[in-house]
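Trainee: Here you go, work-v3.txt (compact mmCIF, C-alpha atoms):
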```
# COMPACT_ATOMS: atom_id res chain seq x y z
CA MET A 1 98.40 125.16 79.54
CA ARG A 2 97.71 122.14 81.75
CA ASN A 3 100.74 120.36 80.30
CA ILE A 4 102.95 123.28 81.32
CA GLN A 5 101.48 123.20 84.83
CA VAL A 6 102.16 119.47 85.07
CA ALA A 7 105.73 119.85 83.79
CA LEU A 8 106.41 122.62 86.29
CA ALA A 9 104.89 120.58 89.13
CA VAL A 10 107.11 117.60 88.27
CA ALA A 11 110.23 119.77 88.00
CA ARG A 12 109.39 121.55 91.27
CA LYS A 13 108.89 118.21 93.02
CA ASP A 14 112.24 116.86 91.77
CA LEU A 15 114.15 120.01 92.72
CA ARG A 16 112.50 120.14 96.14
CA SER A 17 113.43 116.50 96.79
CA GLU A 18 117.01 117.19 95.70
CA TRP A 19 117.20 120.31 97.87
CA ARG A 20 116.15 118.30 100.93
CA THR A 21 118.20 115.17 100.33
CA ARG A 22 121.19 116.74 98.56
CA GLU A 23 121.88 113.41 96.89
CA MET A 24 123.04 114.52 93.46
CA VAL A 25 124.44 118.04 93.26
CA PRO A 26 127.18 117.82 95.92
CA ALA A 27 128.38 114.49 94.50
CA LEU A 28 128.33 115.78 90.93
CA ALA A 29 130.08 119.02 91.88
CA GLN A 30 132.79 117.05 93.65
CA PHE A 31 133.14 114.78 90.63
CA ILE A 32 133.54 117.76 88.32
CA VAL A 33 136.12 119.48 90.51
CA LEU A 34 138.08 116.21 90.88
CA ALA A 35 137.98 115.62 87.12
CA LEU A 36 139.33 119.13 86.54
CA VAL A 37 142.06 118.69 89.15
CA ILE A 38 143.14 115.39 87.56
CA ALA A 39 143.11 116.98 84.10
CA ASN A 40 145.16 119.86 85.48
CA PHE A 41 147.84 117.41 86.59
CA GLY A 42 147.47 115.14 83.56
CA PHE A 43 147.98 117.78 80.89
CA ALA A 44 150.90 120.19 80.75
CA ILE A 45 148.67 123.23 80.44
CA ASP A 46 150.22 126.64 79.80
CA SER A 47 149.08 129.87 78.26
CA ARG A 48 149.85 128.58 74.73
CA ASN A 49 147.63 125.46 74.79
CA VAL A 50 144.97 126.40 77.33
CA SER A 51 142.43 127.34 74.62
CA SER A 52 142.80 124.02 72.80
CA ILE A 53 142.83 121.71 75.85
CA THR A 54 140.22 123.41 78.05
CA PRO A 55 137.18 122.78 75.78
CA GLY A 56 137.99 119.07 75.68
CA VAL A 57 138.27 118.85 79.45
CA LEU A 58 135.05 120.86 79.82
CA TRP A 59 132.97 118.56 77.62
CA PHE A 60 134.57 115.43 79.05
CA ALA A 61 133.59 116.40 82.61
CA LEU A 62 130.15 117.62 81.52
CA VAL A 63 129.32 114.44 79.59
CA PHE A 64 130.09 112.11 82.48
CA ALA A 65 128.38 114.34 85.06
CA GLY A 66 125.37 114.42 82.74
CA LEU A 67 125.25 110.63 82.48
CA VAL A 68 125.09 110.34 86.26
CA ALA A 69 122.51 113.13 86.61
CA PHE A 70 120.17 111.86 83.89
CA GLY A 71 120.61 108.22 84.89
CA ARG A 72 119.15 108.97 88.32
CA THR A 73 116.13 110.91 87.05
CA PHE A 74 113.99 107.88 86.25
CA ALA A 75 115.86 105.19 88.18
CA ALA A 76 114.79 106.73 91.51
CA GLU A 77 111.16 106.94 90.34
CA ARG A 78 111.19 103.29 89.30
CA GLU A 79 112.82 102.14 92.53
CA GLN A 80 110.19 103.82 94.71
CA SER A 81 107.36 102.87 92.28
CA SER A 82 106.32 106.50 92.04
CA LEU A 83 106.60 106.65 88.24
CA GLU A 84 103.60 104.35 87.90
CA ALA A 85 101.68 106.51 90.38
CA MET A 86 102.42 109.56 88.22
CA LEU A 87 101.48 107.78 85.01
CA MET A 88 98.23 106.55 86.56
CA THR A 89 97.01 110.14 86.78
CA SER A 90 95.38 111.85 83.82
CA ALA A 91 98.54 113.93 83.24
CA SER A 92 100.19 113.64 79.84
CA PRO A 93 103.32 111.42 79.80
CA VAL A 94 104.97 114.06 77.60
CA ALA A 95 104.39 116.72 80.28
CA ILE A 96 105.78 114.39 82.95
CA PHE A 97 108.83 113.74 80.78
CA ALA A 98 109.30 117.46 80.17
CA GLY A 99 109.20 118.13 83.91
CA LYS A 100 111.79 115.44 84.60
CA ALA A 101 114.04 116.80 81.83
CA LEU A 102 113.60 120.34 83.15
CA ALA A 103 114.68 119.33 86.65
CA ALA A 104 117.67 117.32 85.36
CA THR A 105 118.70 120.29 83.24
CA ALA A 106 118.52 122.59 86.26
CA LEU A 107 120.71 120.20 88.28
CA LEU A 108 123.27 120.07 85.49
CA VAL A 109 123.24 123.86 85.20
CA VAL A 110 124.06 124.06 88.91
CA CYS A 111 127.02 121.73 88.26
CA GLU A 112 128.07 123.92 85.35
CA ALA A 113 127.99 126.90 87.71
CA VAL A 114 130.67 125.06 89.69
CA MET A 115 132.58 123.81 86.66
CA LEU A 116 133.04 127.04 84.72
CA PRO A 117 134.59 129.09 87.58
CA ALA A 118 136.73 126.04 88.45
CA LEU A 119 137.97 125.94 84.84
CA ALA A 120 138.93 129.60 85.04
CA LEU A 121 140.61 129.10 88.41
CA LEU A 122 142.53 125.89 87.71
CA PHE A 123 143.35 126.33 84.02
CA GLY A 124 143.34 130.10 83.74
CA ALA A 125 140.83 129.74 80.89
CA ALA A 126 138.92 132.77 79.67
CA VAL A 127 135.34 131.82 80.57
CA SER A 128 133.35 134.49 78.76
CA ALA A 129 129.59 134.90 78.41
CA GLN A 130 129.92 133.24 75.00
CA VAL A 131 131.32 130.09 76.61
CA VAL A 132 128.48 130.07 79.14
CA PHE A 133 125.85 130.43 76.38
CA ALA A 134 127.41 127.58 74.38
CA VAL A 135 127.40 125.25 77.39
CA LEU A 136 123.81 126.16 78.32
CA LEU A 137 122.57 125.69 74.76
CA ALA A 138 124.19 122.26 74.52
CA THR A 139 122.76 121.28 77.91
CA VAL A 140 119.16 121.61 76.66
CA GLY A 141 119.45 119.04 73.88
CA MET A 142 121.72 116.76 75.86
CA ALA A 143 119.21 116.78 78.73
CA ALA A 144 116.32 115.90 76.41
CA LEU A 145 118.24 112.95 74.96
CA GLY A 146 119.71 111.87 78.30
CA CYS A 147 116.30 111.84 79.99
CA MET A 148 114.72 109.98 77.09
CA PHE A 149 117.23 107.15 77.28
CA ALA A 150 117.19 107.21 81.09
CA ALA A 151 113.42 106.60 80.93
CA LEU A 152 113.96 103.84 78.39
CA VAL A 153 116.57 101.93 80.40
CA ALA A 154 115.15 102.59 83.87
CA ARG A 155 113.31 99.26 83.96
CA VAL A 156 116.37 97.32 82.82
CA ARG A 157 118.77 95.84 85.36
CA ALA A 158 121.89 96.78 83.39
CA ARG A 159 120.82 100.41 83.03
CA GLU A 160 124.17 101.82 84.21
CA VAL A 161 125.86 100.14 81.24
CA LEU A 162 123.10 100.71 78.70
CA LEU A 163 122.61 104.42 79.32
CA PRO A 164 126.11 105.51 78.16
CA LEU A 165 125.98 103.06 75.24
CA LEU A 166 122.74 104.58 73.96
CA THR A 167 123.32 108.20 74.90
CA LEU A 168 126.97 108.92 74.09
CA PRO A 169 126.75 108.33 70.32
CA LEU A 170 123.87 110.80 70.05
CA TRP A 171 125.66 113.35 72.26
CA ILE A 172 128.63 113.45 69.86
CA PRO A 173 127.08 116.17 67.62
CA PHE A 174 126.59 118.35 70.71
CA ILE A 175 130.19 117.79 71.78
CA VAL A 176 131.48 118.61 68.28
CA ALA A 177 129.38 121.77 67.87
CA GLY A 178 129.76 122.79 71.53
CA GLY A 179 133.50 122.17 71.40
CA GLN A 180 133.82 124.33 68.32
CA ALA A 181 131.75 127.12 69.91
CA VAL A 182 133.82 127.09 73.10
CA GLN A 183 137.11 126.94 71.18
CA SER A 184 136.22 129.92 69.03
CA ALA A 185 134.94 131.79 72.11
CA MET A 186 138.37 131.17 73.65
CA GLY A 187 140.14 132.70 70.66
CA LEU A 188 140.85 129.71 68.41
CA PRO A 189 139.88 129.80 64.72
CA GLY A 190 136.31 128.82 63.81
CA SER A 191 132.91 130.43 63.54
CA TYR A 192 131.17 130.84 66.90
CA ASP A 193 127.87 131.82 65.29
CA GLN A 194 127.88 128.82 62.98
CA ALA A 195 128.55 126.43 65.87
CA MET A 196 125.81 128.05 67.98
CA GLY A 197 123.39 127.83 65.03
CA LEU A 198 124.15 124.12 64.77
CA LEU A 199 123.63 123.67 68.53
CA LEU A 200 120.27 125.44 68.29
CA ASP A 201 119.22 123.20 65.38
CA LEU A 202 120.25 120.10 67.32
CA ASP A 203 118.33 121.32 70.38
CA ILE A 204 115.15 121.85 68.38
CA LEU A 205 115.51 118.51 66.58
CA PHE A 206 116.08 116.43 69.70
CA VAL A 207 113.59 118.25 71.93
CA VAL A 208 110.89 117.61 69.30
CA LEU A 209 111.94 113.98 68.73
CA THR A 210 112.14 113.15 72.43
CA SER A 211 108.77 114.82 73.08
CA LEU A 212 107.24 112.62 70.41
CA GLY A 213 108.98 109.52 71.74
CA ALA A 214 108.31 110.16 75.44
CA ARG A 215 104.71 109.04 75.13
CA PHE A 216 105.73 105.62 73.88
CA VAL A 217 108.61 105.22 76.32
CA LEU A 218 106.66 106.18 79.44
CA ASP A 219 103.19 104.87 78.64
CA GLU A 220 103.73 101.11 78.96
CA MET B 1 74.87 100.50 84.52
CA SER B 2 77.97 98.30 84.24
CA VAL B 3 81.17 100.11 85.20
CA VAL B 4 83.50 97.22 84.31
CA VAL B 5 82.86 94.74 81.51
CA ALA B 6 85.80 92.40 80.87
CA ASN B 7 85.74 89.64 78.30
CA GLY B 8 88.44 87.00 77.96
CA LEU B 9 91.16 89.01 79.71
CA THR B 10 94.39 87.15 79.14
CA HIS B 11 97.94 88.16 79.96
CA ARG B 12 101.27 86.47 79.35
CA PHE B 13 104.63 87.44 80.81
CA GLY B 14 106.84 85.89 78.15
CA SER B 15 105.80 82.26 77.94
CA GLU B 16 104.12 82.31 81.35
CA LEU B 17 100.36 82.61 81.38
CA ALA B 18 99.48 84.95 84.24
CA LEU B 19 95.82 85.45 83.47
CA ASP B 20 93.71 83.08 81.40
CA SER B 21 90.54 84.35 79.79
CA VAL B 22 88.84 86.02 82.76
CA ASP B 23 85.34 87.46 82.29
CA LEU B 24 83.89 89.98 84.68
CA VAL B 25 80.96 92.38 84.90
CA LEU B 26 80.75 94.89 87.70
CA ASP B 27 77.80 97.25 88.15
CA GLU B 28 77.83 100.77 89.55
CA GLY B 29 78.51 100.77 93.28
CA GLU B 30 79.40 97.06 93.44
CA HIS B 31 82.30 95.87 95.57
CA LEU B 32 84.22 92.82 94.36
CA ALA B 33 86.98 91.02 96.24
CA VAL B 34 89.52 89.08 94.19
CA LEU B 35 90.93 86.15 96.12
CA GLY B 36 93.58 83.59 95.38
CA ASP B 37 96.98 82.29 96.34
CA ASN B 38 100.21 84.13 95.59
CA GLY B 39 100.82 84.03 91.85
CA ALA B 40 97.16 83.33 91.08
CA GLY B 41 96.95 86.42 88.86
CA LYS B 42 95.23 88.88 91.23
CA THR B 43 97.69 91.72 90.71
CA THR B 44 97.77 91.18 86.95
CA LEU B 45 93.96 91.35 86.77
CA LEU B 46 93.83 94.46 88.96
CA ARG B 47 96.57 96.21 86.98
CA ILE B 48 94.71 95.52 83.75
CA ILE B 49 91.43 96.87 85.18
CA ALA B 50 93.30 99.94 86.46
CA THR B 51 94.71 100.42 82.90
CA ALA B 52 98.27 100.12 84.22
CA LEU B 53 98.85 97.02 82.08
CA ARG B 54 97.63 96.08 78.61
CA PRO B 55 96.24 92.56 78.39
CA THR B 56 97.70 90.22 75.79
CA ALA B 57 94.16 89.38 74.68
CA GLY B 58 90.59 90.20 75.59
CA SER B 59 88.50 93.34 75.82
CA LEU B 60 87.78 95.72 78.65
CA LEU B 61 85.12 98.40 78.87
CA ILE B 62 85.17 100.86 81.75
CA ALA B 63 82.22 103.21 82.12
CA GLY B 64 81.24 102.19 78.61
CA ARG B 65 84.57 103.18 77.05
CA ASP B 66 87.22 100.96 75.53
CA ALA B 67 89.85 100.86 78.28
CA LEU B 68 92.58 99.71 75.92
CA ARG B 69 92.17 102.71 73.60
CA GLU B 70 91.18 105.46 76.00
CA ARG B 71 93.46 104.72 78.92
CA ARG B 72 94.44 108.29 79.71
CA ARG B 73 90.91 109.64 79.53
CA LEU B 74 89.68 106.85 81.80
CA ARG B 75 92.29 107.50 84.45
CA ARG B 76 90.17 110.42 85.65
CA TYR B 77 87.60 107.83 86.72
CA ILE B 78 89.98 105.29 88.23
CA GLY B 79 91.82 105.37 91.55
CA TYR B 80 94.56 102.76 91.88
CA LEU B 81 96.47 101.56 94.90
CA GLY B 82 99.28 99.21 93.95
CA HIS B 83 101.55 96.99 95.99
CA ALA B 84 104.15 99.69 96.68
CA PRO B 85 103.05 103.02 98.16
CA GLY B 86 104.96 104.96 95.45
CA LEU B 87 105.55 108.05 97.59
CA TYR B 88 108.32 110.65 97.62
CA PRO B 89 110.21 110.15 100.88
CA ALA B 90 111.65 113.68 101.06
CA LEU B 91 108.26 115.36 100.67
CA SER B 92 105.74 115.74 103.45
CA ALA B 93 102.48 113.80 103.37
CA LEU B 94 100.65 116.97 102.34
CA GLU B 95 103.23 117.85 99.67
CA ASN B 96 102.96 114.34 98.23
CA LEU B 97 99.21 114.70 97.86
CA GLU B 98 99.40 118.29 96.57
CA PHE B 99 101.79 117.12 93.88
CA PHE B 100 99.31 114.49 92.75
CA CYS B 101 96.51 117.10 92.87
CA ASP B 102 98.56 119.13 90.36
CA LEU B 103 99.01 116.09 88.14
CA SER B 104 95.34 115.12 88.34
CA GLY B 105 94.15 118.65 87.69
CA VAL B 106 92.18 118.94 90.95
CA GLY B 107 92.37 121.70 93.55
CA ARG B 108 95.00 121.36 96.26
CA GLU B 109 92.31 121.58 98.95
CA GLU B 110 91.44 117.98 98.04
CA ALA B 111 94.72 116.95 99.66
CA HIS B 112 93.51 118.11 103.09
CA ASP B 113 90.20 116.30 102.66
CA ALA B 114 91.89 113.07 101.61
CA LEU B 115 94.27 113.21 104.59
CA GLU B 116 91.24 113.65 106.83
CA VAL B 117 89.50 110.59 105.34
CA VAL B 118 92.48 108.29 105.95
CA GLY B 119 93.14 109.67 109.44
CA LEU B 120 96.42 111.41 108.68
CA ALA B 121 95.32 115.02 109.15
CA ALA B 122 97.68 115.44 112.11
CA SER B 123 100.65 114.01 110.18
CA GLY B 124 100.41 116.18 107.09
CA ARG B 125 103.70 117.96 107.74
CA ARG B 126 105.74 114.82 108.40
CA THR B 127 107.80 113.55 105.49
CA ALA B 128 106.77 110.27 103.92
CA ALA B 129 110.07 108.77 105.08
CA GLU B 130 109.13 109.55 108.70
CA LEU B 131 105.79 107.76 108.45
CA SER B 132 105.38 104.14 109.50
CA ARG B 133 104.63 101.56 106.79
CA GLY B 134 100.96 101.57 107.78
CA MET B 135 100.78 105.36 107.60
CA GLN B 136 102.47 105.28 104.19
CA GLN B 137 99.80 102.86 103.03
CA ARG B 138 97.13 105.25 104.30
CA LEU B 139 98.82 108.08 102.42
CA ALA B 140 98.88 105.99 99.23
CA LEU B 141 95.19 105.27 99.77
CA ALA B 142 94.56 109.00 100.14
CA ARG B 143 96.35 109.59 96.83
CA ALA B 144 94.12 106.99 95.15
CA ILE B 145 90.94 108.92 96.12
CA LEU B 146 92.25 112.48 95.60
CA HIS B 147 90.44 112.99 92.30
CA LYS B 148 87.22 111.37 93.58
CA PRO B 149 87.32 108.33 91.25
CA ARG B 150 84.18 106.34 90.45
CA LEU B 151 86.12 103.09 90.18
CA LEU B 152 88.62 102.17 92.87
CA VAL B 153 91.13 99.37 92.26
CA LEU B 154 92.90 98.32 95.44
CA ASP B 155 95.67 95.72 95.43
CA GLU B 156 95.93 94.27 98.94
CA PRO B 157 94.98 97.57 100.60
CA ASP B 158 94.92 95.94 104.03
CA ALA B 159 98.70 95.36 103.95
CA SER B 160 100.28 97.04 106.99
CA LEU B 161 97.09 98.85 107.97
CA GLY B 162 96.06 98.80 111.61
CA ALA B 163 93.16 97.22 113.46
CA ASP B 164 90.62 99.69 112.04
CA VAL B 165 91.34 98.56 108.48
CA ALA B 166 87.76 97.51 107.74
CA ASP B 167 86.31 100.83 108.93
CA LEU B 168 88.90 102.83 107.00
CA LEU B 169 88.41 100.86 103.78
CA GLY B 170 84.63 100.97 104.27
CA ALA B 171 84.75 104.77 104.42
CA VAL B 172 86.95 104.99 101.34
CA MET B 173 84.89 102.48 99.33
CA LYS B 174 81.53 104.05 100.13
CA ASP B 175 79.53 105.10 97.04
CA ARG B 176 82.21 103.78 94.71
CA THR B 177 82.62 100.75 92.49
CA VAL B 178 85.51 98.78 93.93
CA VAL B 179 87.71 95.87 92.90
CA MET B 180 90.08 94.83 95.64
CA SER B 181 92.42 91.91 96.16
CA THR B 182 93.19 90.51 99.57
CA HIS B 183 94.30 87.38 101.36
CA ASP B 184 91.99 88.17 104.26
CA HIS B 185 88.76 86.28 103.58
CA ALA B 186 87.01 87.75 106.60
CA LEU B 187 87.77 91.29 105.41
CA ALA B 188 86.61 90.41 101.90
CA ASN B 189 83.42 88.99 103.34
CA ARG B 190 82.77 92.10 105.39
CA LEU B 191 83.47 94.67 102.67
CA CYS B 192 82.54 92.95 99.42
CA PRO B 193 79.24 91.23 98.65
CA ARG B 194 80.85 89.54 95.61
CA THR B 195 84.06 87.57 95.32
CA LEU B 196 86.09 86.24 92.42
CA VAL B 197 88.52 83.44 93.10
CA LEU B 198 91.54 83.03 90.82
CA ARG B 199 93.66 79.90 90.57
CA HIS B 200 96.65 79.70 88.22
CA GLY B 201 95.32 82.71 86.32
CA ARG B 202 91.88 81.20 85.77
CA SER B 203 88.66 82.29 87.37
CA THR B 204 87.07 79.52 89.40
CA GLY B 205 83.88 81.55 89.46
CA THR B 206 82.28 84.38 91.34
CA ALA B 207 80.19 84.04 94.46
CA THR B 208 78.16 86.19 96.74
CA ARG B 209 79.45 86.20 100.29
CA LEU B 210 81.99 83.66 101.39
CA ARG B 211 81.50 81.18 104.11
CA VAL B 212 84.57 81.76 106.24
CA VAL B 213 85.98 78.45 107.45
CA ARG B 214 88.17 78.68 110.50
```
In structure tokens, write the structure found in this file.

Mentor:
Amino acid sequence: MRNIQVALAVARKDLRSEWRTREMVPALAQFIVLALVIANFGFAIDSRNVSSITPGVLWFALVFAGLVAFGRTFAAEREQSSLEAMLMTSASPVAIFAGKALAATALLVVCEAVMLPALALLFGAAVSAQVVFAVLLATVGMAALGCMFAALVARVRAREVLLPLLTLPLWIPFIVAGGQAVQSAMGLPGSYDQAMGLLLDLDILFVVLTSLGARFVLDE
Amino acid sequence: MSVVVANGLTHRFGSELALDSVDLVLDEGEHLAVLGDNGAGKTTLLRIIATALRPTAGSLLIAGRDALRERRRLRRYIGYLGHAPGLYPALSALENLEFFCDLSGVGREEAHDALEVVGLAASGRRTAAELSRGMQQRLALARAILHKPRLLVLDEPDASLGADVADLLGAVMKDRTVVMSTHDHALANRLCPRTLVLRHGRSTGTATRLRVVR
């Protein structure tokens, strides 16, 4: 119970700070819209190929927005030396990690709330509830992994380079399963349920693994 | 009863020896000042005692418990003020402390009391970014005492504090066991009956009261 309270307090603190400074969300939203605009000009999208191109553009924009969002979660704490202050309390490092991941997930969901309508508007893609569920489900596991590696590289000077190198290979299963789920939700062949089942399995696997690893990563 | 019992505390950063076999015993309610030049190993020693850093070798008992094995449990008893204030600039002074109340599992009313102790009661609604460096240091000090720790570890707490630094620290240190580092020998002499002098990571011995040479 106390761990949940700590996680919620950490997430609330991060979201409140973001609300007041507006450092991340406007920049990420602009990045996503720009990426979609460039993709719109770069690909000759019409009604015949929209279902096959749109999922790729969606995951491409989401992955790079996620790298920026998760990269900042622990870097800011390290820079202002507040991570040590948090870890010097009696709170569990796992609960602190969960709170950070929760806040980063919420920020990415806000970006997705910009991205999905923009996809429908610019590409004319059919963004159904199934697409939204697939993106949200993938976000959970990606956030857990992204935050884990962000915590790991936060004390390293070359963290901007290391974070994508560590994170992207492990995000590939999410992109494959998520891509398949979105494609089938947009009318292409493939089993939506099977892809969502795989996403759920990946979420459970990586949330458990990162929770176990967080203690060792955060507790120096 | 001894609150801190350290034997042979040694720490290396790579090949560099930062702390070389330091022994220390500190009884309940004792105040110890750690003195030494920059790079003498003061911060390393304080971080180890605060359980923020694992020593490369040696043993450390805090309140009778093995500090290397029971770090999280012991953090309820330890208040630590490091070099950097470690505050959230977008949150108000009160919100900063309330957040740490939530993490420490103490009631949020403690935040008001701690602000009162460090003389920031009137600035509770100002964001940490709006506070001067000295006020930020006071706020960090308030955070260190939020959970009413028995052992207080203060790394150069006098940095940026105003003229009433001795009175403020005296109020905070009252009825607690304290290890503090400082470059101000007069302050150390006033607040701490015992001193430990470090040179190149080695203890040159402890003494009671310094003779301040001007």

Trainee: Considering only C-alpha atoms, can you say which of B:Ser203, B:Ser132, B:Asn96, B:Thr182 comes closest to chain A?

Mentor: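 Comparing B:Ser203, B:Ser132, B:Asn96, B:Thr182 against chain A, the winner is B:Asn96.
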
Trainee: Could you list, as a ChimeraX atom specification, every residue within 8 Å of segment 120-123 of chain A, counting all atoms listed in the file and ignoring same-chain residues fewer than 4 positions away?

Mentor: /A:36-37,40,45,50,54,116,127

Trainee: Within 7 Å of chain B, which residues of chain A are there when counting all atoms listed in the file? Please give them as a list in words.

Mentor: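 Residues of chain A within 7 Å of chain B, counting all atoms listed in the file: Val6, Ala9, Ser17, Arg20, Thr21, Gln80, Ser81, Ser82, Ala85, Met88, Thr89, Ser90 and Ala91 of chain A.
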
Trainee: I'd like the neighbourhood of Ser59 of chain B as a list in words, where a residue qualifies if any of its atoms comes within 12 Å (using only C-alpha atoms), though same-chain residues fewer than 2 positions away should be ignored.

Mentor: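 After dropping sequence-adjacent residues, the list is Val4, Val5, Ala6, Asn7, Gly8, Leu9, Thr10, His11, Ser21, Val22, Asp23, Leu24, Val25, Ile48, Ile49, Thr51, Arg54, Pro55, Thr56, Ala57, Leu61, Ile62, Gly64, Arg65, Asp66, Ala67, Leu68 and Arg69 of chain B.
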
Trainee: For atom CA of Met24 of chain A and atom CA of Cys111 of chain A, quote the distance in Å rounded to one decimal.

Mentor: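 Going from atom CA of Met24 of chain A over to atom CA of Cys111 of chain A covers 9.7 Å.
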
Trainee: Taking only C-alpha atoms, show segment 115-179 of chain A of the given structure as a PDB file, in the first residue's frame.

Mentor:
```pdb
ATOM      1  CA  MET A 115      -0.625  12.060 -32.788  1.00  0.00           C
ATOM      2  CA  LEU A 116      -3.676   9.898 -33.450  1.00  0.00           C
ATOM      3  CA  PRO A 117      -6.047  12.732 -34.516  1.00  0.00           C
ATOM      4  CA  ALA A 118      -3.170  14.204 -36.576  1.00  0.00           C
ATOM      5  CA  LEU A 119      -2.780  10.835 -38.336  1.00  0.00           C
ATOM      6  CA  ALA A 120      -6.476  10.809 -39.161  1.00  0.00           C
ATOM      7  CA  LEU A 121      -6.357  14.420 -40.340  1.00  0.00           C
ATOM      8  CA  LEU A 122      -3.176  14.314 -42.424  1.00  0.00           C
ATOM      9  CA  PHE A 123      -3.299  10.763 -43.762  1.00  0.00           C
ATOM     10  CA  GLY A 124      -7.027  10.118 -43.705  1.00  0.00           C
ATOM     11  CA  ALA A 125      -6.307   6.980 -41.653  1.00  0.00           C
ATOM     12  CA  ALA A 126      -9.128   5.206 -39.861  1.00  0.00           C
ATOM     13  CA  VAL A 127      -8.134   5.677 -36.210  1.00  0.00           C
ATOM     14  CA  SER A 128     -10.546   3.348 -34.445  1.00  0.00           C
ATOM     15  CA  ALA A 129     -10.781   2.423 -30.775  1.00  0.00           C
ATOM     16  CA  GLN A 130      -8.823  -0.732 -31.637  1.00  0.00           C
ATOM     17  CA  VAL A 131      -5.892   1.366 -32.864  1.00  0.00           C
ATOM     18  CA  VAL A 132      -6.001   3.450 -29.684  1.00  0.00           C
ATOM     19  CA  PHE A 133      -5.995   0.322 -27.484  1.00  0.00           C
ATOM     20  CA  ALA A 134      -3.039  -1.150 -29.383  1.00  0.00           C
ATOM     21  CA  VAL A 135      -1.002   2.038 -28.992  1.00  0.00           C
ATOM     22  CA  LEU A 136      -1.855   2.357 -25.283  1.00  0.00           C
ATOM     23  CA  LEU A 137      -1.002  -1.280 -24.590  1.00  0.00           C
ATOM     24  CA  ALA A 138       2.364  -0.958 -26.308  1.00  0.00           C
ATOM     25  CA  THR A 139       3.080   2.280 -24.421  1.00  0.00           C
ATOM     26  CA  VAL A 140       3.003   0.500 -21.038  1.00  0.00           C
ATOM     27  CA  GLY A 141       5.808  -1.948 -21.790  1.00  0.00           C
ATOM     28  CA  MET A 142       7.806   0.550 -23.804  1.00  0.00           C
ATOM     29  CA  ALA A 143       7.614   3.012 -20.901  1.00  0.00           C
ATOM     30  CA  ALA A 144       8.816   0.394 -18.404  1.00  0.00           C
ATOM     31  CA  LEU A 145      11.818  -0.461 -20.588  1.00  0.00           C
ATOM     32  CA  GLY A 146      12.519   3.139 -21.577  1.00  0.00           C
ATOM     33  CA  CYS A 147      12.530   4.323 -17.959  1.00  0.00           C
ATOM     34  CA  MET A 148      14.711   1.420 -16.869  1.00  0.00           C
ATOM     35  CA  PHE A 149      17.412   2.239 -19.386  1.00  0.00           C
ATOM     36  CA  ALA A 150      16.994   5.979 -18.791  1.00  0.00           C
ATOM     37  CA  ALA A 151      17.765   5.346 -15.100  1.00  0.00           C
ATOM     38  CA  LEU A 152      20.721   3.188 -16.073  1.00  0.00           C
ATOM     39  CA  VAL A 153      22.340   5.731 -18.400  1.00  0.00           C
ATOM     40  CA  ALA A 154      21.407   8.876 -16.475  1.00  0.00           C
ATOM     41  CA  ARG A 155      24.790   9.031 -14.720  1.00  0.00           C
ATOM     42  CA  VAL A 156      26.702   8.533 -17.967  1.00  0.00           C
ATOM     43  CA  ARG A 157      27.851  11.523 -19.995  1.00  0.00           C
ATOM     44  CA  ALA A 158      26.974   9.938 -23.353  1.00  0.00           C
ATOM     45  CA  ARG A 159      23.438   9.081 -22.254  1.00  0.00           C
ATOM     46  CA  GLU A 160      21.800  10.583 -25.366  1.00  0.00           C
ATOM     47  CA  VAL A 161      23.687   8.066 -27.510  1.00  0.00           C
ATOM     48  CA  LEU A 162      23.459   5.116 -25.142  1.00  0.00           C
ATOM     49  CA  LEU A 163      19.725   5.292 -24.472  1.00  0.00           C
ATOM     50  CA  PRO A 164      18.621   4.542 -28.078  1.00  0.00           C
ATOM     51  CA  LEU A 165      21.337   1.888 -28.439  1.00  0.00           C
ATOM     52  CA  LEU A 166      20.067   0.014 -25.383  1.00  0.00           C
ATOM     53  CA  THR A 167      16.353   0.667 -25.737  1.00  0.00           C
ATOM     54  CA  LEU A 168      15.576   0.324 -29.444  1.00  0.00           C
ATOM     55  CA  PRO A 169      16.519  -3.364 -29.797  1.00  0.00           C
ATOM     56  CA  LEU A 170      14.193  -4.277 -26.925  1.00  0.00           C
ATOM     57  CA  TRP A 171      11.388  -2.101 -28.310  1.00  0.00           C
ATOM     58  CA  ILE A 172      11.399  -4.043 -31.594  1.00  0.00           C
ATOM     59  CA  PRO A 173       8.960  -6.740 -30.334  1.00  0.00           C
ATOM     60  CA  PHE A 174       6.521  -3.977 -29.334  1.00  0.00           C
ATOM     61  CA  ILE A 175       6.838  -2.349 -32.751  1.00  0.00           C
ATOM     62  CA  VAL A 176       6.301  -5.694 -34.523  1.00  0.00           C
ATOM     63  CA  ALA A 177       3.274  -6.703 -32.432  1.00  0.00           C
ATOM     64  CA  GLY A 178       1.901  -3.148 -32.243  1.00  0.00           C
ATOM     65  CA  GLY A 179       2.392  -2.677 -35.974  1.00  0.00           C
TER      66      GLY A 179
END
```
